[in-house]
Amino acid sequence: MISNLRGNKPDLVVDVDDLMDYCMVLDPSQTSLIQALAQTAQDYIQDIIGDYLVATPITWVMAKDEMSQNDFYFRSFLSNGSGSFGYGSGGGQWINLPTGAQSIESVTAAFWGQGEVALVENQDYFPDLTTDPARIQLSFSYNLNDLYRNHSHMVVQYTGGIAADAASVPTSLVLAIKEMTKRMYKNRGADEIKLTNSFIDSLISPHQRFNFGGRP
């Protein structure tokens with residue numbers, strides 16, 4: 001199974017002037033460098049924790065690779081389940097999204113030799129946004145034989161991320177960005193820079209996911 005996750009890179013969540021003060025940089029000509037280092041730190045943290053810091057539109061594609069064309073292989077990453085949540089309920093197969101989600105805009109499946117088929121919320125699938133990661137449950141009212149045996153890929157369009165906006169990003173992650181930026185700035189020009197230390201790692205680790213879909 002090939003998993004691919006695409007989302008918009010959020011803007012820097014830390015104020016640049018605040019960063020300049022934190023790094024004790026008085027020269028305004030260094031602003032662009034400080035901003036670039038902070039963006040590097042933010043991107044690194046997102047990759048480490050496996051989530052976007054700010055809610056952003058995300059496209060998640062699950063596709064069958066050459067080894068997972070058989071029914072048994074593809075079923076292996078699904079688990080039976082039943083549930084009732086929001087205004088919907090159902091019994092079918094759980095599919096965990098790579099991250100948490102604030103909303104799910106669409107779920108589609110493409111079949112070999114055919115176009116995309118849009119699944120209907122609360123009929124073909126039931127969203128559960130209360131869990132982290134979020135998940136969807138396929139309904140047995142949907143033709144699962146076709147879905148499992150003949151589909152080439154599924155696409156989930158949703159909005160996900162840790163915080164609703166930059167102001168709501170956890171303080172520990174904001175501090176980690178500042179510390180990493182300061183560390184890189186002070187060691188600029190060095191042949192090798194270790195981006196984190198035990199303190200920075202302690203700020204990041206509580207937010208780290210154990211499972212995350214791959215990014216392109």
# chains A, B, ... in the order shown; residues from 1 in each chain; ligands from 1
>>> residues_around(residues="Ala167 in chain A", least_positions_apart="5", cutoff="10 Å", atoms="only C-alpha atoms", output="NGL selection string")
:A and (13-14 or 54 or 174)
>>> write_last_selection(atoms="C-alpha atoms", output="short mmCIF file (atom, residue, chain, number, x, y, z; two decimals), in the first residue's frame")
data_model
loop_
_atom_site.label_atom_id
_atom_site.label_comp_id
_atom_site.auth_asym_id
_atom_site.auth_seq_id
_atom_site.Cartn_x
_atom_site.Cartn_y
_atom_site.Cartn_z
CA VAL A 13 3.99 30.57 13.53
CA VAL A 14 6.54 32.68 15.42
CA VAL A 54 -1.70 24.91 11.97
CA VAL A 174 6.83 27.68 19.76
#
>>> residues_around(residues="range 152-155 of chain A", least_positions_apart="4", cutoff="6 Å", atoms="only C-alpha atoms", output="list in words")
Trp60, Val61, Met62, Ala63, Lys64, Val107, Thr108, Ala109, Ala110, Phe111 and Trp112 of chain A
>>> closest_residue(among="A:Met20, A:Val156, A:Ala190, A:Leu129", to="Ser106 in chain A", atoms="only C-alpha atoms")
A:Val156
>>> closest_residue(among="A:Arg135, A:Ile162, A:Ser172, A:Asp15", to="Gly50 in chain A", atoms="only C-alpha atoms")
A:Ile162
>>> closest_residue(among="A:Lys182, A:His207, A:Lys194, A:Arg6", to="Ile45 in chain A", atoms="only C-alpha atoms")
A:His207
>>> closest_residue(among="A:Pro127, A:Gln102, A:Tyr22, A:Tyr52", to="Ala166 in chain A", atoms="only C-alpha atoms")
A:Tyr52
>>> residues_around(residues="Leu97 in chain A", least_positions_apart="4", cutoff="9 Å", atoms="only C-alpha atoms", output="PDB file with N, CA, C and O atoms, in the first residue's frame")
ATOM      1  N   TRP A  60      -4.957  13.086   1.314  1.00  0.00           N
ATOM      2  CA  TRP A  60      -4.320  11.804   1.644  1.00  0.00           C
ATOM      3  C   TRP A  60      -4.733  10.767   0.611  1.00  0.00           C
ATOM      4  O   TRP A  60      -5.922  10.549   0.387  1.00  0.00           O
ATOM      5  N   ALA A 101      -8.064  15.579  12.616  1.00  0.00           N
ATOM      6  CA  ALA A 101      -8.799  16.334  11.592  1.00  0.00           C
ATOM      7  C   ALA A 101      -9.883  17.170  12.240  1.00  0.00           C
ATOM      8  O   ALA A 101     -10.520  16.749  13.215  1.00  0.00           O
ATOM      9  N   ASP A 132      -7.683  10.782  17.791  1.00  0.00           N
ATOM     10  CA  ASP A 132      -6.447  11.350  17.252  1.00  0.00           C
ATOM     11  C   ASP A 132      -5.451  10.209  17.075  1.00  0.00           C
ATOM     12  O   ASP A 132      -4.921   9.697  18.060  1.00  0.00           O
ATOM     13  N   PRO A 133      -5.228   9.753  15.835  1.00  0.00           N
ATOM     14  CA  PRO A 133      -5.682  10.374  14.592  1.00  0.00           C
ATOM     15  C   PRO A 133      -7.178  10.188  14.365  1.00  0.00           C
ATOM     16  O   PRO A 133      -7.798   9.317  14.974  1.00  0.00           O
ATOM     17  N   ALA A 134      -7.718  11.022  13.482  1.00  0.00           N
ATOM     18  CA  ALA A 134      -9.124  10.881  13.100  1.00  0.00           C
ATOM     19  C   ALA A 134      -9.277   9.611  12.266  1.00  0.00           C
ATOM     20  O   ALA A 134      -8.296   9.020  11.809  1.00  0.00           O
ATOM     21  N   ARG A 135     -10.505   9.172  12.042  1.00  0.00           N
ATOM     22  CA  ARG A 135     -10.722   7.952  11.284  1.00  0.00           C
ATOM     23  C   ARG A 135     -12.062   7.998  10.572  1.00  0.00           C
ATOM     24  O   ARG A 135     -12.945   8.796  10.921  1.00  0.00           O
ATOM     25  N   ILE A 136     -12.185   7.146   9.576  1.00  0.00           N
ATOM     26  CA  ILE A 136     -13.463   6.968   8.895  1.00  0.00           C
ATOM     27  C   ILE A 136     -13.797   5.487   8.926  1.00  0.00           C
ATOM     28  O   ILE A 136     -12.911   4.631   9.000  1.00  0.00           O
ATOM     29  N   VAL A 156      -8.744  10.976   0.424  1.00  0.00           N
ATOM     30  CA  VAL A 156      -9.480  11.667   1.482  1.00  0.00           C
ATOM     31  C   VAL A 156      -9.013  13.117   1.513  1.00  0.00           C
ATOM     32  O   VAL A 156      -7.821  13.391   1.692  1.00  0.00           O
ATOM     33  N   PHE A 212       2.580   7.836  10.869  1.00  0.00           N
ATOM     34  CA  PHE A 212       2.288   8.988  10.022  1.00  0.00           C
ATOM     35  C   PHE A 212       2.469   8.615   8.575  1.00  0.00           C
ATOM     36  O   PHE A 212       3.437   7.963   8.215  1.00  0.00           O
ATOM     37  N   GLY A 213       1.521   9.007   7.719  1.00  0.00           N
ATOM     38  CA  GLY A 213       1.651   8.724   6.303  1.00  0.00           C
ATOM     39  C   GLY A 213       2.794   9.501   5.686  1.00  0.00           C
ATOM     40  O   GLY A 213       3.113  10.607   6.094  1.00  0.00           O
TER      41      GLY A 213
END
>>> atom_distance(atom1="CA of Asn8 in chain A", atom2="CA of Leu138 in chain A")
27.1 Å
>>> closest_residue(among="A:Ala118, A:Met180, A:Leu173, A:Cys23", to="Ile49 in chain A", atoms="only C-alpha atoms")
A:Leu173
